[in-house]
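A.B. asks: Below is query-v8.pdb; it holds PDB, C-alpha atoms, pLDDT in the B column.
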```pdb
ATOM      1  CA  MET A   1      -1.598 -39.971 -69.635  1.00 49.00           C
ATOM      2  CA  THR A   2      -3.080 -41.219 -72.887  1.00 52.00           C
ATOM      3  CA  TRP A   3      -2.521 -44.877 -73.640  1.00 51.00           C
ATOM      4  CA  PRO A   4      -2.523 -46.276 -77.185  1.00 57.00           C
ATOM      5  CA  ALA A   5      -5.530 -48.347 -78.191  1.00 56.00           C
ATOM      6  CA  HIS A   6      -5.032 -52.110 -77.904  1.00 54.00           C
ATOM      7  CA  HIS A   7      -7.111 -54.729 -79.648  1.00 68.00           C
ATOM      8  CA  ILE A   8      -6.018 -57.683 -77.539  1.00 79.00           C
ATOM      9  CA  ARG A   9      -7.431 -58.123 -74.050  1.00 82.00           C
ATOM     10  CA  TYR A  10      -5.262 -59.933 -71.553  1.00 71.00           C
ATOM     11  CA  SER A  11      -6.305 -61.765 -68.423  1.00 73.00           C
ATOM     12  CA  PHE A  12      -4.691 -60.991 -65.094  1.00 74.00           C
ATOM     13  CA  ALA A  13      -3.066 -64.436 -65.311  1.00 75.00           C
ATOM     14  CA  ASP A  14      -1.504 -63.404 -68.656  1.00 70.00           C
ATOM     15  CA  TYR A  15      -0.140 -60.289 -66.975  1.00 74.00           C
ATOM     16  CA  LEU A  16       1.323 -62.270 -64.073  1.00 72.00           C
ATOM     17  CA  ALA A  17       2.998 -64.684 -66.503  1.00 70.00           C
ATOM     18  CA  LEU A  18       4.567 -61.747 -68.361  1.00 69.00           C
ATOM     19  CA  GLU A  19       5.748 -60.115 -65.113  1.00 71.00           C
ATOM     20  CA  GLY A  20       7.260 -63.395 -63.978  1.00 76.00           C
ATOM     21  CA  SER A  21       9.398 -63.691 -67.097  1.00 72.00           C
ATOM     22  CA  SER A  22      10.173 -60.046 -67.862  1.00 72.00           C
ATOM     23  CA  ASN A  23      13.035 -57.844 -66.750  1.00 72.00           C
ATOM     24  CA  VAL A  24      10.819 -54.795 -67.381  1.00 71.00           C
ATOM     25  CA  LYS A  25       7.924 -53.762 -65.128  1.00 74.00           C
ATOM     26  CA  HIS A  26       4.404 -53.467 -66.492  1.00 62.00           C
ATOM     27  CA  GLU A  27       1.157 -51.990 -65.258  1.00 66.00           C
ATOM     28  CA  PHE A  28      -2.146 -53.843 -65.715  1.00 66.00           C
ATOM     29  CA  LEU A  29      -5.597 -52.314 -66.067  1.00 71.00           C
ATOM     30  CA  ALA A  30      -8.819 -53.439 -67.711  1.00 68.00           C
ATOM     31  CA  GLY A  31      -7.265 -56.202 -69.780  1.00 66.00           C
ATOM     32  CA  GLN A  32      -4.363 -54.085 -70.990  1.00 66.00           C
ATOM     33  CA  ILE A  33      -0.667 -54.369 -70.165  1.00 57.00           C
ATOM     34  CA  TYR A  34       1.463 -51.227 -70.285  1.00 63.00           C
ATOM     35  CA  GLY A  35       5.252 -51.082 -70.122  1.00 66.00           C
ATOM     36  CA  MET A  36       6.575 -48.733 -67.465  1.00 67.00           C
ATOM     37  CA  ALA A  37       9.308 -46.422 -68.707  1.00 67.00           C
ATOM     38  CA  GLY A  38      12.514 -45.950 -66.778  1.00 66.00           C
ATOM     39  CA  GLY A  39      13.029 -42.660 -65.000  1.00 75.00           C
ATOM     40  CA  THR A  40      15.664 -39.965 -65.120  1.00 81.00           C
ATOM     41  CA  PRO A  41      18.632 -39.836 -62.743  1.00 85.00           C
ATOM     42  CA  GLU A  42      16.882 -36.954 -60.935  1.00 90.00           C
ATOM     43  CA  HIS A  43      13.721 -39.033 -60.496  1.00 90.00           C
ATOM     44  CA  ALA A  44      15.746 -41.969 -59.187  1.00 91.00           C
ATOM     45  CA  ALA A  45      17.627 -39.722 -56.740  1.00 93.00           C
ATOM     46  CA  LEU A  46      14.408 -38.190 -55.364  1.00 95.00           C
ATOM     47  CA  THR A  47      12.841 -41.636 -54.975  1.00 94.00           C
ATOM     48  CA  ALA A  48      15.932 -42.931 -53.165  1.00 96.00           C
ATOM     49  CA  ALA A  49      15.980 -39.849 -50.907  1.00 97.00           C
ATOM     50  CA  VAL A  50      12.317 -40.341 -49.934  1.00 97.00           C
ATOM     51  CA  THR A  51      12.955 -44.026 -49.246  1.00 97.00           C
ATOM     52  CA  GLY A  52      16.048 -43.314 -47.138  1.00 97.00           C
ATOM     53  CA  LEU A  53      14.506 -40.513 -45.106  1.00 97.00           C
ATOM     54  CA  LEU A  54      11.359 -42.495 -44.333  1.00 98.00           C
ATOM     55  CA  PHE A  55      13.252 -45.725 -43.622  1.00 97.00           C
ATOM     56  CA  ALA A  56      15.332 -43.951 -40.977  1.00 96.00           C
ATOM     57  CA  GLN A  57      12.163 -42.752 -39.220  1.00 97.00           C
ATOM     58  CA  LEU A  58      10.123 -45.955 -39.493  1.00 97.00           C
ATOM     59  CA  ARG A  59      12.626 -48.792 -39.049  1.00 92.00           C
ATOM     60  CA  ALA A  60      11.769 -49.474 -35.391  1.00 89.00           C
ATOM     61  CA  GLY A  61       7.979 -49.131 -35.716  1.00 94.00           C
ATOM     62  CA  ARG A  62       5.115 -51.081 -37.259  1.00 96.00           C
ATOM     63  CA  CYS A  63       5.320 -49.454 -40.696  1.00 97.00           C
ATOM     64  CA  ARG A  64       7.653 -50.660 -43.455  1.00 97.00           C
ATOM     65  CA  VAL A  65       9.050 -48.747 -46.427  1.00 98.00           C
ATOM     66  CA  HIS A  66       9.006 -50.493 -49.820  1.00 97.00           C
ATOM     67  CA  ASP A  67      10.649 -49.306 -53.010  1.00 95.00           C
ATOM     68  CA  ALA A  68       9.314 -49.443 -56.568  1.00 92.00           C
ATOM     69  CA  ASP A  69       9.788 -53.221 -56.743  1.00 91.00           C
ATOM     70  CA  LEU A  70       6.628 -53.740 -54.675  1.00 95.00           C
ATOM     71  CA  ARG A  71       3.499 -54.235 -56.757  1.00 93.00           C
ATOM     72  CA  VAL A  72       0.270 -52.748 -55.397  1.00 97.00           C
ATOM     73  CA  ARG A  73      -3.114 -54.048 -56.522  1.00 96.00           C
ATOM     74  CA  VAL A  74      -6.276 -51.978 -56.327  1.00 96.00           C
ATOM     75  CA  ILE A  75      -8.883 -54.695 -55.845  1.00 95.00           C
ATOM     76  CA  GLU A  76     -11.895 -52.554 -56.748  1.00 95.00           C
ATOM     77  CA  THR A  77     -10.538 -51.390 -60.116  1.00 94.00           C
ATOM     78  CA  GLY A  78      -8.048 -54.143 -60.951  1.00 91.00           C
ATOM     79  CA  LEU A  79      -5.077 -51.799 -61.352  1.00 90.00           C
ATOM     80  CA  ALA A  80      -1.721 -53.457 -60.674  1.00 89.00           C
ATOM     81  CA  THR A  81       1.153 -50.991 -60.517  1.00 93.00           C
ATOM     82  CA  TYR A  82       4.475 -50.152 -58.889  1.00 92.00           C
ATOM     83  CA  PRO A  83       4.376 -46.906 -56.868  1.00 96.00           C
ATOM     84  CA  ASP A  84       7.724 -45.182 -56.335  1.00 94.00           C
ATOM     85  CA  VAL A  85       7.469 -45.688 -52.549  1.00 97.00           C
ATOM     86  CA  THR A  86       4.846 -47.659 -50.616  1.00 98.00           C
ATOM     87  CA  ILE A  87       4.417 -47.747 -46.841  1.00 98.00           C
ATOM     88  CA  VAL A  88       2.501 -50.628 -45.280  1.00 98.00           C
ATOM     89  CA  CYS A  89       1.681 -50.463 -41.566  1.00 98.00           C
ATOM     90  CA  GLY A  90       1.087 -53.779 -39.858  1.00 96.00           C
ATOM     91  CA  PRO A  91       1.038 -57.118 -41.668  1.00 96.00           C
ATOM     92  CA  ARG A  92       1.032 -57.019 -45.467  1.00 96.00           C
ATOM     93  CA  GLN A  93      -2.214 -58.174 -47.052  1.00 97.00           C
ATOM     94  CA  ARG A  94      -1.468 -59.978 -50.289  1.00 96.00           C
ATOM     95  CA  ASP A  95      -3.687 -60.125 -53.318  1.00 94.00           C
ATOM     96  CA  GLN A  96      -5.442 -63.502 -53.572  1.00 94.00           C
ATOM     97  CA  GLU A  97      -4.513 -63.811 -57.255  1.00 92.00           C
ATOM     98  CA  ASP A  98      -1.019 -62.368 -56.918  1.00 91.00           C
ATOM     99  CA  GLN A  99       1.045 -63.198 -53.849  1.00 92.00           C
ATOM    100  CA  ASN A 100       3.687 -60.669 -54.969  1.00 91.00           C
ATOM    101  CA  ALA A 101       1.244 -57.757 -54.687  1.00 95.00           C
ATOM    102  CA  VAL A 102      -0.047 -56.036 -51.570  1.00 97.00           C
ATOM    103  CA  THR A 103      -3.519 -54.573 -51.231  1.00 98.00           C
ATOM    104  CA  ASN A 104      -3.182 -52.549 -48.020  1.00 98.00           C
ATOM    105  CA  PRO A 105      -0.799 -49.612 -48.407  1.00 98.00           C
ATOM    106  CA  THR A 106      -1.155 -46.902 -45.766  1.00 98.00           C
ATOM    107  CA  LEU A 107       0.769 -44.264 -47.713  1.00 98.00           C
ATOM    108  CA  ILE A 108       1.939 -44.080 -51.344  1.00 98.00           C
ATOM    109  CA  VAL A 109       4.543 -41.693 -52.755  1.00 98.00           C
ATOM    110  CA  GLU A 110       4.852 -40.872 -56.434  1.00 96.00           C
ATOM    111  CA  VAL A 111       7.759 -38.753 -57.647  1.00 95.00           C
ATOM    112  CA  LEU A 112       6.364 -36.748 -60.538  1.00 93.00           C
ATOM    113  CA  SER A 113       7.943 -36.502 -63.977  1.00 88.00           C
ATOM    114  CA  ARG A 114       6.991 -34.774 -67.198  1.00 87.00           C
ATOM    115  CA  SER A 115       5.664 -38.008 -68.665  1.00 83.00           C
ATOM    116  CA  THR A 116       3.689 -39.204 -65.617  1.00 84.00           C
ATOM    117  CA  GLU A 117       2.531 -36.072 -63.770  1.00 90.00           C
ATOM    118  CA  GLU A 118      -0.910 -35.889 -65.369  1.00 91.00           C
ATOM    119  CA  TYR A 119      -1.550 -39.608 -64.813  1.00 89.00           C
ATOM    120  CA  ASP A 120      -0.221 -39.572 -61.220  1.00 92.00           C
ATOM    121  CA  ARG A 121      -2.411 -36.570 -60.319  1.00 93.00           C
ATOM    122  CA  GLY A 122      -5.471 -37.789 -62.215  1.00 94.00           C
ATOM    123  CA  ASP A 123      -6.449 -41.330 -63.178  1.00 94.00           C
ATOM    124  CA  LYS A 124      -3.876 -43.096 -61.010  1.00 93.00           C
ATOM    125  CA  PHE A 125      -4.952 -41.140 -57.923  1.00 97.00           C
ATOM    126  CA  GLU A 126      -8.587 -42.016 -58.676  1.00 97.00           C
ATOM    127  CA  HIS A 127      -7.595 -45.691 -58.554  1.00 96.00           C
ATOM    128  CA  TYR A 128      -5.590 -45.238 -55.356  1.00 97.00           C
ATOM    129  CA  LYS A 129      -8.555 -43.548 -53.658  1.00 98.00           C
ATOM    130  CA  ARG A 130     -10.389 -46.893 -53.898  1.00 97.00           C
ATOM    131  CA  ILE A 131      -7.886 -48.596 -51.568  1.00 98.00           C
ATOM    132  CA  PRO A 132      -9.620 -48.655 -48.160  1.00 97.00           C
ATOM    133  CA  SER A 133      -6.352 -48.714 -46.169  1.00 98.00           C
ATOM    134  CA  LEU A 134      -4.765 -45.758 -47.995  1.00 98.00           C
ATOM    135  CA  GLN A 135      -4.615 -42.717 -45.712  1.00 98.00           C
ATOM    136  CA  GLN A 136      -2.186 -40.432 -47.535  1.00 98.00           C
ATOM    137  CA  TYR A 137      -0.920 -39.922 -51.074  1.00 98.00           C
ATOM    138  CA  VAL A 138       2.278 -37.913 -51.493  1.00 98.00           C
ATOM    139  CA  LEU A 139       3.395 -36.225 -54.705  1.00 98.00           C
ATOM    140  CA  VAL A 140       7.006 -35.063 -54.907  1.00 97.00           C
ATOM    141  CA  ALA A 141       7.449 -32.343 -57.543  1.00 95.00           C
ATOM    142  CA  PHE A 142      10.283 -32.293 -60.056  1.00 90.00           C
ATOM    143  CA  ARG A 143       9.926 -28.727 -61.385  1.00 88.00           C
ATOM    144  CA  GLU A 144      10.238 -27.019 -58.013  1.00 94.00           C
ATOM    145  CA  ARG A 145      10.965 -28.021 -54.450  1.00 97.00           C
ATOM    146  CA  GLU A 146       7.481 -28.917 -53.328  1.00 97.00           C
ATOM    147  CA  ILE A 147       5.734 -31.834 -51.651  1.00 98.00           C
ATOM    148  CA  GLU A 148       1.970 -32.217 -51.970  1.00 98.00           C
ATOM    149  CA  VAL A 149       0.267 -34.409 -49.378  1.00 98.00           C
ATOM    150  CA  TRP A 150      -3.267 -35.669 -49.953  1.00 98.00           C
ATOM    151  CA  SER A 151      -4.948 -36.953 -46.777  1.00 98.00           C
ATOM    152  CA  ARG A 152      -8.145 -38.951 -46.422  1.00 98.00           C
ATOM    153  CA  THR A 153     -10.698 -37.232 -44.189  1.00 96.00           C
ATOM    154  CA  ALA A 154     -14.288 -37.986 -43.238  1.00 95.00           C
ATOM    155  CA  GLU A 155     -15.361 -35.584 -46.002  1.00 95.00           C
ATOM    156  CA  GLY A 156     -13.066 -36.976 -48.712  1.00 95.00           C
ATOM    157  CA  TRP A 157      -9.506 -36.027 -49.666  1.00 97.00           C
ATOM    158  CA  GLU A 158      -7.774 -32.746 -48.856  1.00 97.00           C
ATOM    159  CA  ASN A 159      -4.338 -31.591 -49.902  1.00 96.00           C
ATOM    160  CA  THR A 160      -1.592 -29.517 -48.322  1.00 98.00           C
ATOM    161  CA  LEU A 161       1.462 -28.104 -50.088  1.00 98.00           C
ATOM    162  CA  PHE A 162       4.821 -27.980 -48.358  1.00 98.00           C
ATOM    163  CA  ARG A 163       7.604 -25.742 -49.681  1.00 98.00           C
ATOM    164  CA  PRO A 164      11.250 -25.024 -48.767  1.00 97.00           C
ATOM    165  CA  GLY A 165      11.666 -24.426 -45.044  1.00 97.00           C
ATOM    166  CA  GLU A 166       8.639 -26.596 -44.213  1.00 98.00           C
ATOM    167  CA  ARG A 167       8.153 -30.191 -43.108  1.00 98.00           C
ATOM    168  CA  ALA A 168       5.519 -32.353 -44.776  1.00 98.00           C
ATOM    169  CA  THR A 169       3.548 -34.044 -42.011  1.00 96.00           C
ATOM    170  CA  LEU A 170       2.750 -37.695 -42.681  1.00 98.00           C
ATOM    171  CA  LYS A 171       0.397 -38.385 -39.773  1.00 97.00           C
ATOM    172  CA  SER A 172      -0.736 -41.753 -41.129  1.00 98.00           C
ATOM    173  CA  ILE A 173       2.730 -43.218 -40.542  1.00 98.00           C
ATOM    174  CA  GLY A 174       4.036 -40.924 -37.784  1.00 97.00           C
ATOM    175  CA  ALA A 175       6.780 -39.399 -39.929  1.00 98.00           C
ATOM    176  CA  GLU A 176       7.630 -36.242 -41.834  1.00 97.00           C
ATOM    177  CA  LEU A 177       9.657 -35.119 -44.815  1.00 98.00           C
ATOM    178  CA  ASP A 178      11.695 -31.940 -44.514  1.00 98.00           C
ATOM    179  CA  VAL A 179      11.461 -30.304 -47.951  1.00 98.00           C
ATOM    180  CA  ASN A 180      14.987 -28.859 -47.850  1.00 97.00           C
ATOM    181  CA  GLU A 181      16.529 -32.097 -46.596  1.00 97.00           C
ATOM    182  CA  LEU A 182      14.754 -34.179 -49.244  1.00 97.00           C
ATOM    183  CA  TYR A 183      15.823 -32.093 -52.217  1.00 96.00           C
ATOM    184  CA  GLU A 184      19.347 -31.566 -50.889  1.00 95.00           C
ATOM    185  CA  ALA A 185      19.734 -35.343 -50.429  1.00 94.00           C
ATOM    186  CA  ALA A 186      18.767 -35.812 -54.085  1.00 92.00           C
ATOM    187  CA  GLU A 187      21.026 -33.096 -55.495  1.00 90.00           C
ATOM    188  CA  GLU A 188      23.945 -34.060 -57.657  1.00 84.00           C
ATOM    189  CA  PRO A 189      27.199 -33.452 -55.771  1.00 83.00           C
ATOM    190  CA  ARG A 190      29.335 -30.596 -57.000  1.00 80.00           C
ATOM    191  CA  ASP A 191      33.044 -31.122 -57.700  1.00 71.00           C
TER     192      ASP A 191
END
```
Would you kindly transcribe this structure into structure tokens?

C.D. replies:
Amino acid sequence: MTWPAHHIRYSFADYLALEGSSNVKHEFLAGQIYGMAGGTPEHAALTAAVTGLLFAQLRAGRCRVHDADLRVRVIETGLATYPDVTIVCGPRQRDQEDQNAVTNPTLIVEVLSRSTEEYDRGDKFEHYKRIPSLQQYVLVAFREREIEVWSRTAEGWENTLFRPGERATLKSIGAELDVNELYEAAEEPRD
């Protein structure tokens, strides 16, 4: 995603003040504040389906599902953002400068869209890779029924694609997403 050039540099404190008084979410990186666009009904339905399916599997364990209202801070790069779905296993570690942001996600899900796909696959993933606790990064496609799971290994990151009839294995949290079930849960009901 290409961001417009800004001439004003903001401090993280400026960003937090804006977030505290705004009814719109913003992302912060390198002194810049970016408004986050709202999604489509299809994007919202897929995000809700992921949240619901994972909540049902994790509710009795040590991992918790968070929706897009949870801010995640990448300490090493300074990125503050709102993933579509964030799973934190064990106690939440909060950012020292921002008590409303966590720094220890175990798994992050981004539901792709035309406007964010390049950013979610590229620069944003590069930031997420710098989170020591992050074990898996899940991309839910919007063009076709497909879930891409990136997993941290001793050698780096490797990805696996899951298509209709398959179940995406989320070993880091002891859960899975059935591709058919996910997309069917997000479909618009027919009259």

A.B. asks: Please provide the set of residues having any atom within 10 Å of Glu97 in chain A, restricted to all atoms listed in the file, with same-chain residues fewer than 5 positions apart removed, written as number ranges by chain.

C.D. replies: A: 12-13, 16, 73

A.B. asks: Name the residues in contact with Gly165 in chain A at a cut-off of 8 Å, using only C-alpha atoms, excluding same-chain residues fewer than 2 positions from it; report them as a list in words.

C.D. replies: Arg163, Arg167, Asp178, Val179 and Asn180 of chain A

A.B. asks: Could you turn the residues from that selection into a file that holds C-alpha atoms, as an mmCIF file, in the frame of the given file?

C.D. replies:
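Saved file result-v3.cif follows:
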```
data_model
loop_
_atom_site.group_PDB
_atom_site.id
_atom_site.type_symbol
_atom_site.label_atom_id
_atom_site.label_comp_id
_atom_site.auth_asym_id
_atom_site.auth_seq_id
_atom_site.Cartn_x
_atom_site.Cartn_y
_atom_site.Cartn_z
ATOM 1 C CA ARG A 163 7.604 -25.742 -49.681
ATOM 2 C CA ARG A 167 8.153 -30.191 -43.108
ATOM 3 C CA ASP A 178 11.695 -31.940 -44.514
ATOM 4 C CA VAL A 179 11.461 -30.304 -47.951
ATOM 5 C CA ASN A 180 14.987 -28.859 -47.850
#
```

A.B. asks: Considering only C-alpha atoms, state which residue in the set A:Gly52, A:Glu146, A:Ala154, A:Ser172 is at the smallest distance from Pro105 in chain A.

C.D. replies: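 Checking each candidate against Pro105 in chain A, we get A:Ser172 as the closest.
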
A.B. asks: Would you write out, as a PyMOL selection string, every residue that the PyMOL selection byres ((chain A and resi 44-50) around 12) captures in this file?

C.D. replies: chain A and resi 38-43+51-57+65-68+83-87+108-113+138-142+145-147+168+175-189

A.B. asks: So that I can see what lies close to range 89-96 of chain A, please list as a list of chain:residue names the residues with an atom at most 8 Å from it, counting all atoms listed in the file and leaving out residues fewer than 6 positions away in the same chain.

C.D. replies: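 Skipping anything fewer than 6 positions along the chain leaves A:Arg62, A:Cys63, A:Arg64, A:Arg73, A:Ile75, A:Val102, A:Thr103, A:Asn104, A:Pro105, A:Thr106, A:Ile173.
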
A.B. asks: Padding 8 Å on each side, edges along x, y and z: where is the centre of the box around the listed atoms of range 104-117 of chain A, and how long are its edges in Å to one decimal? Output it as AutoDock Vina command-line options.

C.D. replies:
```
--center_x 2.4 --center_y -43.7 --center_z -57.2 --size_x 27.1 --size_y 33.8 --size_z 38.9
```

A.B. asks: If you measure from CA of Arg71 in chain A to CA of Arg9 in chain A, what distance in Å do you get, rounded to one decimal?

C.D. replies: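 It comes out at 20.8 Å.
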
A.B. asks: With the file shown as input, list the residues that the PyMOL selection byres ((chain A and resi 79) around 9) selects, as a list of chain:residue names.

C.D. replies: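 Applied to this file, the PyMOL selection byres ((chain A and resi 79) around 9) returns A:Glu27, A:Phe28, A:Leu29, A:Ala30, A:Val72, A:Arg73, A:Val74, A:Ile75, A:Glu76, A:Thr77, A:Gly78, A:Ala80, A:Thr81, A:Lys124, A:His127, A:Tyr128.
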
A.B. asks: For the residues in that selection, give me C-alpha atoms as a short mmCIF file (atom, residue, chain, number, x, y, z; two decimals), keeping the file's coordinate frame.

C.D. replies:
```cif
data_model
loop_
_atom_site.label_atom_id
_atom_site.label_comp_id
_atom_site.auth_asym_id
_atom_site.auth_seq_id
_atom_site.Cartn_x
_atom_site.Cartn_y
_atom_site.Cartn_z
CA GLU A 27 1.16 -51.99 -65.26
CA PHE A 28 -2.15 -53.84 -65.72
CA LEU A 29 -5.60 -52.31 -66.07
CA ALA A 30 -8.82 -53.44 -67.71
CA VAL A 72 0.27 -52.75 -55.40
CA ARG A 73 -3.11 -54.05 -56.52
CA VAL A 74 -6.28 -51.98 -56.33
CA ILE A 75 -8.88 -54.70 -55.84
CA GLU A 76 -11.90 -52.55 -56.75
CA THR A 77 -10.54 -51.39 -60.12
CA GLY A 78 -8.05 -54.14 -60.95
CA ALA A 80 -1.72 -53.46 -60.67
CA THR A 81 1.15 -50.99 -60.52
CA LYS A 124 -3.88 -43.10 -61.01
CA HIS A 127 -7.60 -45.69 -58.55
CA TYR A 128 -5.59 -45.24 -55.36
#
```

A.B. asks: Figure out the distance between CA of Leu107 in chain A and CA of Glu166 in chain A, please, to one decimal in Å.

C.D. replies: 19.7 Å

A.B. asks: When distances are computed from all atoms listed in the file, which of A:Leu170, A:Ala101, A:Leu161, A:Leu134 shows the smallest separation from Glu19 in chain A?

C.D. replies: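 Under the stated criterion, the closest residue is A:Ala101.
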
A.B. asks: Taking (-6.0, -40.3, -44.8) in the coordinates of the supplied file, I want to know which residues reach to within 10 Å of it, counting all atoms listed in the file; could you give the answer as a ChimeraX atom specification?

C.D. replies: /A:106-107,129,132-137,149-154,156-158,170-172

A.B. asks: Between CA of Thr116 in chain A and CA of Asp69 in chain A, what is the distance in Å, rounded to a tenth?

C.D. replies: 17.7 Å
